[in-house]
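Okay, coords_9.pdb now, which holds PDB, C-alpha atoms:
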```
ATOM      1  CA  MET A   1      57.722 207.678  46.737
ATOM      2  CA  GLN A   2      56.233 209.923  49.397
ATOM      3  CA  PHE A   3      54.723 212.584  47.148
ATOM      4  CA  ARG A   4      50.932 212.497  47.328
ATOM      5  CA  ILE A   5      48.207 214.487  45.589
ATOM      6  CA  LYS A   6      44.713 214.932  46.996
ATOM      7  CA  GLN A   7      42.320 213.218  44.621
ATOM      8  CA  THR A   8      38.652 214.150  44.237
ATOM      9  CA  LYS A   9      36.280 211.302  43.406
ATOM     10  CA  ARG A  10      34.492 211.616  40.097
ATOM     11  CA  THR A  11      32.167 209.103  38.537
ATOM     12  CA  ASP A  12      32.686 210.441  34.990
ATOM     13  CA  PRO A  13      35.957 210.934  33.098
ATOM     14  CA  MET A  14      37.013 214.579  33.260
ATOM     15  CA  GLU A  15      36.280 216.644  30.183
ATOM     16  CA  TYR A  16      38.135 219.851  29.383
ATOM     17  CA  LEU A  17      37.000 223.088  27.791
ATOM     18  CA  ASP A  18      39.176 224.824  25.199
ATOM     19  CA  PHE A  19      40.735 227.254  27.654
ATOM     20  CA  GLU A  20      41.482 224.378  30.070
ATOM     21  CA  LEU A  21      43.792 222.500  27.663
ATOM     22  CA  PRO A  22      47.001 223.732  29.389
ATOM     23  CA  ILE A  23      45.617 222.195  32.597
ATOM     24  CA  LYS A  24      44.885 218.932  30.810
ATOM     25  CA  GLU A  25      48.487 218.717  29.531
ATOM     26  CA  LEU A  26      49.953 219.299  32.982
ATOM     27  CA  GLU A  27      47.585 216.799  34.626
ATOM     28  CA  GLU A  28      48.584 214.176  32.044
ATOM     29  CA  GLN A  29      52.272 214.911  32.716
ATOM     30  CA  LEU A  30      51.671 214.559  36.455
ATOM     31  CA  ASP A  31      49.837 211.241  35.988
ATOM     32  CA  LYS A  32      52.744 209.875  33.927
ATOM     33  CA  CYS A  33      55.223 211.076  36.539
ATOM     34  CA  LEU A  34      53.291 209.296  39.303
ATOM     35  CA  VAL A  35      53.123 206.085  37.244
ATOM     36  CA  ILE A  36      56.888 206.140  36.678
ATOM     37  CA  GLY A  37      57.459 206.591  40.399
ATOM     38  CA  GLN A  38      55.159 203.681  41.259
ATOM     39  CA  GLU A  39      56.434 201.258  38.619
ATOM     40  CA  SER A  40      60.189 201.866  38.903
ATOM     41  CA  ASP A  41      62.900 202.602  41.426
ATOM     42  CA  VAL A  42      63.472 206.069  40.000
ATOM     43  CA  ASP A  43      62.889 208.879  42.527
ATOM     44  CA  VAL A  44      60.630 211.363  40.747
ATOM     45  CA  THR A  45      59.372 213.150  43.859
ATOM     46  CA  ASN A  46      60.921 216.529  42.992
ATOM     47  CA  THR A  47      59.789 216.320  39.369
ATOM     48  CA  CYS A  48      56.204 215.560  40.429
ATOM     49  CA  LYS A  49      56.266 218.402  42.940
ATOM     50  CA  GLN A  50      57.437 220.844  40.267
ATOM     51  CA  ILE A  51      54.727 219.710  37.835
ATOM     52  CA  ASN A  52      52.071 219.935  40.561
ATOM     53  CA  LYS A  53      53.261 223.421  41.536
ATOM     54  CA  LYS A  54      53.077 224.548  37.914
ATOM     55  CA  LEU A  55      49.619 222.943  37.622
ATOM     56  CA  ILE A  56      48.289 224.900  40.605
ATOM     57  CA  GLU A  57      49.786 228.163  39.307
ATOM     58  CA  THR A  58      48.294 227.548  35.849
ATOM     59  CA  LYS A  59      44.859 226.881  37.347
ATOM     60  CA  LYS A  60      45.007 230.043  39.433
ATOM     61  CA  THR A  61      46.040 232.119  36.416
ATOM     62  CA  ILE A  62      43.321 230.690  34.141
ATOM     63  CA  TYR A  63      40.419 230.779  36.597
ATOM     64  CA  LYS A  64      41.333 234.185  38.001
ATOM     65  CA  ASN A  65      40.988 235.790  34.574
ATOM     66  CA  LEU A  66      37.907 234.110  33.137
ATOM     67  CA  THR A  67      35.829 236.030  30.621
ATOM     68  CA  ALA A  68      32.038 236.134  30.841
ATOM     69  CA  TRP A  69      31.763 233.599  28.018
ATOM     70  CA  GLN A  70      34.200 231.224  29.732
ATOM     71  CA  ARG A  71      32.051 231.336  32.873
ATOM     72  CA  VAL A  72      29.031 230.490  30.728
ATOM     73  CA  GLN A  73      30.972 227.503  29.418
ATOM     74  CA  LEU A  74      31.864 226.418  32.958
ATOM     75  CA  SER A  75      28.207 226.646  34.001
ATOM     76  CA  ARG A  76      27.468 224.097  31.251
ATOM     77  CA  HIS A  77      30.436 221.839  31.981
ATOM     78  CA  PRO A  78      29.363 218.204  31.456
ATOM     79  CA  ASN A  79      30.976 217.180  34.757
ATOM     80  CA  ARG A  80      29.278 219.940  36.738
ATOM     81  CA  PRO A  81      26.877 218.749  39.479
ATOM     82  CA  TYR A  82      23.224 219.116  38.551
ATOM     83  CA  THR A  83      20.212 219.728  40.770
ATOM     84  CA  LEU A  84      19.739 216.042  41.672
ATOM     85  CA  ASP A  85      23.401 215.811  42.657
ATOM     86  CA  HIS A  86      22.883 218.700  45.074
ATOM     87  CA  ILE A  87      19.666 217.189  46.418
ATOM     88  CA  ASN A  88      21.217 213.766  47.000
ATOM     89  CA  ALA A  89      24.236 215.301  48.730
ATOM     90  CA  LEU A  90      22.273 217.765  50.877
ATOM     91  CA  PHE A  91      19.237 215.678  51.822
ATOM     92  CA  GLY A  92      20.354 212.090  51.295
ATOM     93  CA  GLU A  93      17.796 209.454  52.236
ATOM     94  CA  THR A  94      15.461 212.039  53.789
ATOM     95  CA  TYR A  95      14.505 213.321  50.313
ATOM     96  CA  LEU A  96      11.018 212.340  49.181
ATOM     97  CA  GLU A  97      10.202 213.359  45.607
ATOM     98  CA  LEU A  98       6.679 214.573  44.866
ATOM     99  CA  HIS A  99       5.153 214.374  41.400
ATOM    100  CA  GLY A 100       2.591 216.005  39.139
ATOM    101  CA  ASP A 101       0.753 219.304  38.826
ATOM    102  CA  ARG A 102      -2.682 217.714  39.461
ATOM    103  CA  GLY A 103      -3.797 219.132  36.148
ATOM    104  CA  PHE A 104      -1.952 217.685  33.178
ATOM    105  CA  LYS A 105       1.065 215.484  33.954
ATOM    106  CA  ASP A 106       4.391 215.176  35.764
ATOM    107  CA  ASP A 107       7.097 217.308  34.156
ATOM    108  CA  LYS A 108      10.448 215.499  34.412
ATOM    109  CA  ALA A 109      12.440 218.700  33.827
ATOM    110  CA  MET A 110      11.115 220.178  37.083
ATOM    111  CA  ILE A 111      11.703 218.112  40.194
ATOM    112  CA  GLY A 112      10.802 218.715  43.801
ATOM    113  CA  GLY A 113      10.058 217.192  47.152
ATOM    114  CA  LEU A 114      10.637 217.228  50.888
ATOM    115  CA  GLY A 115      13.937 216.690  52.646
ATOM    116  CA  LYS A 116      15.867 217.516  55.799
ATOM    117  CA  ILE A 117      19.192 219.167  56.505
ATOM    118  CA  GLY A 118      19.968 218.289  60.088
ATOM    119  CA  GLY A 119      16.603 218.409  61.779
ATOM    120  CA  GLN A 120      15.108 221.127  59.575
ATOM    121  CA  SER A 121      12.666 220.239  56.803
ATOM    122  CA  PHE A 122      12.777 222.024  53.442
ATOM    123  CA  MET A 123      10.731 221.889  50.261
ATOM    124  CA  ILE A 124      13.360 221.626  47.539
ATOM    125  CA  ILE A 125      12.476 222.468  43.910
ATOM    126  CA  GLY A 126      14.687 222.724  40.840
ATOM    127  CA  GLN A 127      15.297 222.043  37.166
ATOM    128  CA  GLN A 128      17.121 218.855  36.277
ATOM    129  CA  LYS A 129      19.186 218.300  33.133
ATOM    130  CA  GLY A 130      20.276 214.885  31.881
ATOM    131  CA  TYR A 131      23.682 213.188  32.010
ATOM    132  CA  ASN A 132      23.571 211.561  28.577
ATOM    133  CA  THR A 133      21.448 211.566  25.431
ATOM    134  CA  LYS A 134      18.742 209.330  26.903
ATOM    135  CA  THR A 135      18.348 211.208  30.191
ATOM    136  CA  ARG A 136      18.596 214.611  28.491
ATOM    137  CA  GLN A 137      15.632 213.695  26.348
ATOM    138  CA  TYR A 138      13.819 212.333  29.407
ATOM    139  CA  ARG A 139      14.457 215.602  31.290
ATOM    140  CA  ASN A 140      13.819 217.742  28.187
ATOM    141  CA  PHE A 141      17.287 219.285  28.645
ATOM    142  CA  GLY A 142      16.142 221.008  31.837
ATOM    143  CA  MET A 143      13.487 223.052  30.007
ATOM    144  CA  ALA A 144      10.203 222.868  31.892
ATOM    145  CA  ASN A 145       6.738 222.975  30.354
ATOM    146  CA  PRO A 146       3.828 224.855  31.994
ATOM    147  CA  GLU A 147       2.947 221.778  34.046
ATOM    148  CA  GLY A 148       6.463 221.921  35.515
ATOM    149  CA  TYR A 149       5.925 225.435  36.827
ATOM    150  CA  ARG A 150       2.460 224.475  38.057
ATOM    151  CA  LYS A 151       3.960 221.505  39.876
ATOM    152  CA  ALA A 152       6.534 223.830  41.447
ATOM    153  CA  LEU A 153       3.771 226.174  42.591
ATOM    154  CA  ARG A 154       1.748 223.275  43.996
ATOM    155  CA  LEU A 155       4.740 222.217  46.089
ATOM    156  CA  MET A 156       5.350 225.784  47.265
ATOM    157  CA  LYS A 157       1.745 226.150  48.380
ATOM    158  CA  MET A 158       2.014 222.809  50.173
ATOM    159  CA  ALA A 159       5.132 224.066  51.958
ATOM    160  CA  GLU A 160       3.276 227.249  52.896
ATOM    161  CA  LYS A 161       0.399 225.214  54.354
ATOM    162  CA  PHE A 162       2.739 223.342  56.690
ATOM    163  CA  GLY A 163       5.158 226.202  57.406
ATOM    164  CA  ILE A 164       8.110 224.604  55.607
ATOM    165  CA  PRO A 165      10.787 226.869  54.038
ATOM    166  CA  VAL A 166      11.387 226.571  50.289
ATOM    167  CA  VAL A 167      14.733 226.105  48.520
ATOM    168  CA  THR A 168      14.881 226.449  44.729
ATOM    169  CA  LEU A 169      17.852 225.375  42.614
ATOM    170  CA  ILE A 170      18.017 226.980  39.173
ATOM    171  CA  ASP A 171      19.736 225.338  36.219
ATOM    172  CA  THR A 172      17.932 225.818  32.920
ATOM    173  CA  PRO A 173      18.626 227.167  29.423
ATOM    174  CA  GLY A 174      15.067 228.529  29.558
ATOM    175  CA  ALA A 175      11.458 227.423  29.704
ATOM    176  CA  TYR A 176      10.472 225.058  26.898
ATOM    177  CA  PRO A 177       9.545 227.183  23.836
ATOM    178  CA  GLY A 178       7.548 224.554  21.961
ATOM    179  CA  LEU A 179       4.099 225.077  20.441
ATOM    180  CA  GLU A 180       2.441 222.715  22.918
ATOM    181  CA  ALA A 181       3.942 224.655  25.838
ATOM    182  CA  GLU A 182       2.487 227.892  24.504
ATOM    183  CA  GLU A 183      -0.892 226.206  23.956
ATOM    184  CA  ARG A 184      -0.942 225.130  27.603
ATOM    185  CA  GLY A 185      -0.069 228.623  28.864
ATOM    186  CA  GLN A 186       3.679 228.811  29.415
ATOM    187  CA  GLY A 187       3.704 232.579  29.934
ATOM    188  CA  GLU A 188       0.754 232.510  32.328
ATOM    189  CA  ALA A 189       2.290 229.670  34.369
ATOM    190  CA  ILE A 190       5.568 231.558  34.867
ATOM    191  CA  ALA A 191       3.792 234.841  35.620
ATOM    192  CA  ARG A 192       1.533 233.082  38.147
ATOM    193  CA  ASN A 193       4.563 231.613  39.908
ATOM    194  CA  ILE A 194       6.240 235.015  40.183
ATOM    195  CA  PHE A 195       3.020 236.549  41.502
ATOM    196  CA  GLU A 196       2.502 233.812  44.083
ATOM    197  CA  MET A 197       6.136 233.588  45.176
ATOM    198  CA  VAL A 198       6.272 237.293  46.013
ATOM    199  CA  ARG A 199       3.611 236.778  48.675
ATOM    200  CA  LEU A 200       4.394 233.220  49.797
ATOM    201  CA  GLN A 201       4.224 233.077  53.591
ATOM    202  CA  VAL A 202       7.385 231.010  54.179
ATOM    203  CA  PRO A 203      11.088 231.801  53.571
ATOM    204  CA  ILE A 204      12.356 231.216  50.011
ATOM    205  CA  ILE A 205      16.057 230.578  49.374
ATOM    206  CA  THR A 206      17.091 230.558  45.724
ATOM    207  CA  ILE A 207      20.425 229.352  44.343
ATOM    208  CA  ILE A 208      21.584 229.429  40.714
ATOM    209  CA  VAL A 209      23.680 226.263  40.425
ATOM    210  CA  GLY A 210      24.193 226.327  36.640
ATOM    211  CA  GLU A 211      22.416 228.286  33.944
ATOM    212  CA  GLY A 212      19.825 230.885  34.893
ATOM    213  CA  ALA A 213      18.124 231.836  31.655
ATOM    214  CA  SER A 214      15.116 234.034  31.046
ATOM    215  CA  GLY A 215      11.637 233.398  32.444
ATOM    216  CA  GLY A 216      12.535 229.742  32.834
ATOM    217  CA  ALA A 217      14.720 230.746  35.746
ATOM    218  CA  LEU A 218      12.419 233.474  37.093
ATOM    219  CA  GLY A 219       9.546 230.993  37.335
ATOM    220  CA  ILE A 220      11.164 229.577  40.487
ATOM    221  CA  GLY A 221      13.588 232.448  41.125
ATOM    222  CA  VAL A 222      11.786 234.897  43.426
ATOM    223  CA  GLY A 223      13.514 234.522  46.780
ATOM    224  CA  ASP A 224      14.179 236.246  50.088
ATOM    225  CA  ARG A 225      17.818 235.294  49.536
ATOM    226  CA  VAL A 226      19.150 234.745  46.024
ATOM    227  CA  TYR A 227      22.631 233.298  45.628
ATOM    228  CA  MET A 228      24.737 232.366  42.611
ATOM    229  CA  LEU A 229      27.502 229.818  42.518
ATOM    230  CA  GLU A 230      30.663 231.568  41.347
ATOM    231  CA  ASN A 231      30.764 230.131  37.813
ATOM    232  CA  THR A 232      27.106 230.491  36.868
ATOM    233  CA  TRP A 233      25.132 233.065  34.909
ATOM    234  CA  TYR A 234      21.733 234.739  35.240
ATOM    235  CA  SER A 235      20.210 236.744  32.410
ATOM    236  CA  VAL A 236      17.097 237.545  30.430
ATOM    237  CA  ILE A 237      18.594 235.780  27.402
ATOM    238  CA  SER A 238      21.466 233.446  26.568
ATOM    239  CA  PRO A 239      24.574 234.876  24.832
ATOM    240  CA  GLU A 240      23.879 232.784  21.726
ATOM    241  CA  SER A 241      20.310 234.005  21.386
ATOM    242  CA  CYS A 242      21.343 237.589  22.038
ATOM    243  CA  SER A 243      24.026 237.303  19.356
ATOM    244  CA  SER A 244      21.569 235.825  16.837
ATOM    245  CA  ILE A 245      19.118 238.694  17.423
ATOM    246  CA  LEU A 246      21.596 241.576  17.370
ATOM    247  CA  TRP A 247      24.149 240.269  14.869
ATOM    248  CA  LYS A 248      22.078 237.636  13.021
ATOM    249  CA  SER A 249      24.745 235.074  13.923
ATOM    250  CA  TRP A 250      25.956 233.056  16.937
ATOM    251  CA  GLU A 251      29.562 234.090  16.164
ATOM    252  CA  TYR A 252      29.300 237.115  18.475
ATOM    253  CA  LYS A 253      28.245 235.157  21.569
ATOM    254  CA  GLU A 254      31.408 236.178  23.448
ATOM    255  CA  GLN A 255      30.672 239.865  22.888
ATOM    256  CA  ALA A 256      27.053 239.285  23.869
ATOM    257  CA  ALA A 257      28.113 237.565  27.105
ATOM    258  CA  GLU A 258      30.227 240.583  28.077
ATOM    259  CA  ALA A 259      27.477 243.050  27.186
ATOM    260  CA  LEU A 260      24.755 241.186  29.098
ATOM    261  CA  LYS A 261      26.620 241.487  32.439
ATOM    262  CA  LEU A 262      25.397 238.026  33.365
ATOM    263  CA  THR A 263      28.166 236.724  35.653
ATOM    264  CA  SER A 264      27.796 236.369  39.399
ATOM    265  CA  ALA A 265      30.137 239.328  39.979
ATOM    266  CA  ASP A 266      28.074 241.520  37.627
ATOM    267  CA  MET A 267      24.818 240.459  39.273
ATOM    268  CA  LYS A 268      26.175 241.169  42.750
ATOM    269  CA  LYS A 269      27.421 244.589  41.617
ATOM    270  CA  GLN A 270      23.963 245.384  40.207
ATOM    271  CA  LYS A 271      22.413 244.255  43.537
ATOM    272  CA  LEU A 272      20.241 241.695  41.775
ATOM    273  CA  ILE A 273      21.507 238.845  43.978
ATOM    274  CA  ASP A 274      22.431 238.754  47.644
ATOM    275  CA  ASP A 275      25.752 236.927  47.516
ATOM    276  CA  ILE A 276      28.127 234.729  45.535
ATOM    277  CA  ILE A 277      28.816 231.164  46.693
ATOM    278  CA  PRO A 278      32.528 230.434  46.081
ATOM    279  CA  GLU A 279      33.504 227.353  44.104
ATOM    280  CA  PRO A 280      36.659 225.233  44.445
ATOM    281  CA  LEU A 281      39.559 226.127  42.154
ATOM    282  CA  GLY A 282      38.585 224.939  38.682
ATOM    283  CA  GLY A 283      34.848 224.929  39.286
ATOM    284  CA  ALA A 284      32.236 222.979  41.237
ATOM    285  CA  HIS A 285      32.998 219.755  39.367
ATOM    286  CA  TYR A 286      36.617 219.638  40.600
ATOM    287  CA  ASP A 287      35.563 219.153  44.212
ATOM    288  CA  ARG A 288      31.893 218.288  44.500
ATOM    289  CA  ALA A 289      32.004 217.504  48.230
ATOM    290  CA  THR A 290      33.300 220.984  49.072
ATOM    291  CA  THR A 291      30.741 222.581  46.755
ATOM    292  CA  PHE A 292      27.848 220.727  48.385
ATOM    293  CA  LYS A 293      29.088 221.619  51.868
ATOM    294  CA  THR A 294      29.356 225.301  50.971
ATOM    295  CA  VAL A 295      25.856 225.338  49.459
ATOM    296  CA  GLU A 296      24.504 223.709  52.616
ATOM    297  CA  GLN A 297      26.159 226.374  54.767
ATOM    298  CA  TYR A 298      24.583 229.169  52.717
ATOM    299  CA  ILE A 299      21.141 227.558  52.932
ATOM    300  CA  LEU A 300      21.339 227.194  56.703
ATOM    301  CA  LYS A 301      22.755 230.706  57.118
ATOM    302  CA  ALA A 302      19.906 232.182  55.051
ATOM    303  CA  TYR A 303      17.305 230.197  56.962
ATOM    304  CA  ASP A 304      18.721 231.409  60.294
ATOM    305  CA  GLU A 305      18.377 234.996  59.076
ATOM    306  CA  LEU A 306      14.770 234.512  57.955
ATOM    307  CA  LYS A 307      13.175 232.033  60.359
ATOM    308  CA  ASP A 308      12.314 234.512  63.113
ATOM    309  CA  LEU A 309      10.694 237.109  60.843
ATOM    310  CA  SER A 310       6.947 237.473  61.087
ATOM    311  CA  THR A 311       4.947 236.617  57.962
ATOM    312  CA  ALA A 312       4.141 240.293  57.397
ATOM    313  CA  ASP A 313       7.805 241.343  57.692
ATOM    314  CA  LEU A 314       8.970 238.473  55.488
ATOM    315  CA  ILE A 315       6.618 239.419  52.645
ATOM    316  CA  ALA A 316       7.228 243.154  53.075
ATOM    317  CA  GLN A 317      11.003 242.704  52.858
ATOM    318  CA  ARG A 318      10.642 240.449  49.811
ATOM    319  CA  MET A 319       8.417 242.946  48.005
ATOM    320  CA  ASP A 320      10.733 245.812  48.928
ATOM    321  CA  LYS A 321      13.711 243.840  47.644
ATOM    322  CA  TYR A 322      12.197 243.432  44.186
ATOM    323  CA  THR A 323      10.565 246.840  43.845
ATOM    324  CA  LYS A 324      13.972 248.459  44.425
ATOM    325  CA  MET A 325      15.564 246.579  41.547
ATOM    326  CA  GLY A 326      16.279 248.810  38.584
ATOM    327  CA  GLU A 327      16.479 252.029  40.588
ATOM    328  CA  PHE A 328      19.549 254.115  39.872
ATOM    329  CA  LYS A 329      20.842 257.681  40.017
ATOM    330  CA  GLU A 330      22.664 259.454  37.239
TER     331      GLU A 330
END
```
Take the structure in the file and give it back as structure tokens.
Amino acid sequence: MQFRIKQTKRTDPMEYLDFELPIKELEEQLDKCLVIGQESDVDVTNTCKQINKKLIETKKTIYKNLTAWQRVQLSRHPNRPYTLDHINALFGETYLELHGDRGFKDDKAMIGGLGKIGGQSFMIIGQQKGYNTKTRQYRNFGMANPEGYRKALRLMKMAEKFGIPVVTLIDTPGAYPGLEAEERGQGEAIARNIFEMVRLQVPIITIIVGEGASGGALGIGVGDRVYMLENTWYSVISPESCSSILWKSWEYKEQAAEALKLTSADMKKQKLIDDIIPEPLGGAHYDRATTFKTVEQYILKAYDELKDLSTADLIAQRMDKYTKMGEFKE
């Protein structure tokens, strides 16, 4: 049988969201068709081609018409690449992780270190979620404590000292809201990061790779270039929390997601981000290699645009960028 389908390597079994069930059924049919063709003399080439054609059309129809809530679900997809996946793909063996805030402890939800793309060094910082129950607890579900934001700031100031550009990858449901975090100054730590990032003397490239929630995202989210992967969200509050406040129930999370205008398209329209990084059909998890390559291209493109700016111009443009946000004419 000559019919072949391009396969994307995945280390985990694929999981499907509710709205992806038609895709799951067609993929199972296609797998069975391929098995029949391999294990018997029956020519099923045309049948497999028809199923594959229908599969592609179904994917295009579903992913072209996603609601805001469905994009939120995709941003949380268990197979979606996390910050460490991006770091390992982009920087490989050149990545050297740095630890601790030099004040309290090393926050495992906030990771960072030095690495190279080509011959260019970057300071890479981001939130890391876990892959299973054990690692999610270890990473505190990607919710950083104050020491995480202070570690991030320490690394940024180190990058500034040596003239190294900063890349931040955002993927968090929010900063950790626990009592101990508040006792150690969660609000002050995030506010200090925003204050310092605005006037940092090296280029900052920020990419939302998953969830971008509240101050937890803003704590490492002030950038000269801010990009969002296509199926991510960026908002002051999650749809569930918004629903619980306004309607006293999580049942209205879909309405809240629409009202918050949190998708990449909404953010680009509001001029709160600079561009949208396209994802492969079905989301970043369907073709990780392509996703990583595209992210790398956007990082290098942004750096090329920023590297020749003087320090004064870099900071002035960054401040101007953020002071203009929220302006509108009736």
Fill in: the PyMOL selection byres ((chain A and resi 237-251) around 10) applied to the shown file, residues as a list of chain:residue names
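Listing what the PyMOL selection byres ((chain A and resi 237-251) around 10) selects in the shown file: A:Ala68, A:Trp69, A:Val72, A:Pro173, A:Gly174, A:Glu211, A:Gly212, A:Ala213, A:Ser214, A:Gly215, A:Trp233, A:Tyr234, A:Ser235, A:Val236, A:Tyr252, A:Lys253, A:Glu254, A:Gln255, A:Ala256, A:Ala257, A:Glu258, A:Ala259, A:Leu260, A:Leu262.
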For the residues in that selection, give me C-alpha atoms as a short mmCIF file (atom, residue, chain, number, x, y, z; two decimals), in the coordinates of the input.
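Result went into selection-v5.cif, see below:
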```cif
data_model
loop_
_atom_site.label_atom_id
_atom_site.label_comp_id
_atom_site.auth_asym_id
_atom_site.auth_seq_id
_atom_site.Cartn_x
_atom_site.Cartn_y
_atom_site.Cartn_z
CA ALA A 68 32.04 236.13 30.84
CA TRP A 69 31.76 233.60 28.02
CA VAL A 72 29.03 230.49 30.73
CA PRO A 173 18.63 227.17 29.42
CA GLY A 174 15.07 228.53 29.56
CA GLU A 211 22.42 228.29 33.94
CA GLY A 212 19.82 230.88 34.89
CA ALA A 213 18.12 231.84 31.66
CA SER A 214 15.12 234.03 31.05
CA GLY A 215 11.64 233.40 32.44
CA TRP A 233 25.13 233.06 34.91
CA TYR A 234 21.73 234.74 35.24
CA SER A 235 20.21 236.74 32.41
CA VAL A 236 17.10 237.54 30.43
CA TYR A 252 29.30 237.12 18.48
CA LYS A 253 28.24 235.16 21.57
CA GLU A 254 31.41 236.18 23.45
CA GLN A 255 30.67 239.86 22.89
CA ALA A 256 27.05 239.28 23.87
CA ALA A 257 28.11 237.56 27.10
CA GLU A 258 30.23 240.58 28.08
CA ALA A 259 27.48 243.05 27.19
CA LEU A 260 24.76 241.19 29.10
CA LEU A 262 25.40 238.03 33.36
#
```
Practice prompt. Might you spell out which residues the PyMOL selection byres ((chain A and resi 273) around 8) would select in the displayed file, as a list in words?
Written response: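 On the file shown, the PyMOL selection byres ((chain A and resi 273) around 8) covers Arg225, Val226, Tyr227, Met228, Met267, Lys268, Gln270, Lys271, Leu272, Asp274, Asp275 and Ile276 of chain A.
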Practice prompt. Would you mind listing what lies within 6 Å of range 99-112 of chain A as a list in words, with only C-alpha atoms counted and same-chain residues fewer than 6 positions away left out?
Written response: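 So, after excluding close chain neighbours, the residues are Ile124, Ile125, Gly126, Gln127, Gln128, Arg139, Asn140, Gly142, Met143, Ala144, Glu147, Gly148, Arg150 and Lys151 of chain A.
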Worksheet, complete the sentence: Of A:Ala265, A:Val295, A:Met319, A:Leu300, the one sitting nearest His86 in chain A when using all atoms listed in the file is A:Val295
Response to the item:
Using all atoms listed in the file, the shortest atom-to-atom distance to Thr294 in chain A among A:Asp266, A:Glu196, A:Glu279, A:Glu93 belongs to A:Glu279
Worksheet item: Using all atoms listed in the file, what residues lie at most 12 Å away from (17.9, 212.6, 50.5) (file coordinates), given as a list in words?
Response: Leu84, Asp85, His86, Ile87, Asn88, Ala89, Leu90, Phe91, Gly92, Glu93, Thr94, Tyr95, Leu96, Glu97, Gly112, Gly113, Leu114, Gly115, Lys116, Ile117, Gly118, Ser121, Phe122, Met123 and Ile124 of chain A
Item to complete: Identify, on the basis of only C-alpha atoms, every residue whose closest approach to Leu17 in chain A does not exceed 12 Å; exclude the query and any residue fewer than 6 positions from it along the same chain; express the result as a VMD selection string.
Response: chain A and resid 23 to 24 62 69 to 79 282 to 283
Fill in: Separation of CA of Tyr16 in chain A from CA of Asp31 in chain A in Å
16.0 Å
Practice prompt. Give me, please, the distance in Å between CA of Thr263 in chain A and CA of Ile220 in chain A, quoted to one decimal.
Written response: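 Result for CA of Thr263 in chain A versus CA of Ile220 in chain A: 19.1 Å, one decimal.
Distances here use only C-alpha atoms; by that measure, the residue among A:Glu230, A:Tyr286, A:Val166, A:Ala175 closest to Leu306 in chain A is A:Val166.
Here the question is which of A:Ala312, A:Ala284, A:Ile205, A:Leu98 gets nearest to Leu155 in chain A using all atoms listed in the file, and that residue is A:Leu98.
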Just the residues within 9 Å of Pro177 in chain A, please, counting only C-alpha atoms, with nothing from its chain fewer than 3 positions along; format it as an mmCIF file with C-alpha atoms, keeping the file's coordinate frame.
```
data_model
loop_
_atom_site.group_PDB
_atom_site.id
_atom_site.type_symbol
_atom_site.label_atom_id
_atom_site.label_comp_id
_atom_site.auth_asym_id
_atom_site.auth_seq_id
_atom_site.Cartn_x
_atom_site.Cartn_y
_atom_site.Cartn_z
ATOM 1 C CA MET A 143 13.487 223.052 30.007
ATOM 2 C CA ASN A 145 6.738 222.975 30.354
ATOM 3 C CA GLY A 174 15.067 228.529 29.558
ATOM 4 C CA GLU A 180 2.441 222.715 22.918
ATOM 5 C CA ALA A 181 3.942 224.655 25.838
ATOM 6 C CA GLU A 182 2.487 227.892 24.504
ATOM 7 C CA GLN A 186 3.679 228.811 29.415
#
```
Discussion item. Translate the PyMOL selection byres ((chain A and resi 30) around 10) into a concrete residue list for this structure, as a PyMOL selection string.
Written reply: chain A and resi 5+24-29+31-36+47-52+55
Worksheet item: Pick the closest to Thr291 in chain A from A:Ile170, A:Leu314, A:Leu229, A:Leu309: which is it, counting only C-alpha atoms?
Response: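 Ranking A:Ile170, A:Leu314, A:Leu229, A:Leu309 by distance to Thr291 in chain A, first place goes to A:Leu229.
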Worksheet item: Pick from A:Ile207, A:Ile164, A:Ile56, A:Ile299: nearest to Ser264 in chain A, with all atoms listed in the file counted?
Response: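 Answer, going by the shortest atom-to-atom distance: A:Ile207.
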Worksheet item: What does the distance from CA of Ile208 in chain A to CA of Met158 in chain A come to in Å, to one decimal?
Response: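 Those two atoms sit 22.7 Å apart.
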Worksheet item: Do you know which residues are at most 9 Å from Arg192 in chain A counting only C-alpha atoms, after dropping those on the same chain fewer than 4 positions away, and could you put them as a PyMOL selection string?
Response: chain A and resi 149-150+153+187-188+196-197+219
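Taking all atoms listed in the file into account, the polymer residues that have an atom no farther than 6 Å from (22.9, 214.6, 31.7) are Lys129, Gly130, Tyr131, Asn132, Thr135 and Arg136 of chain A.
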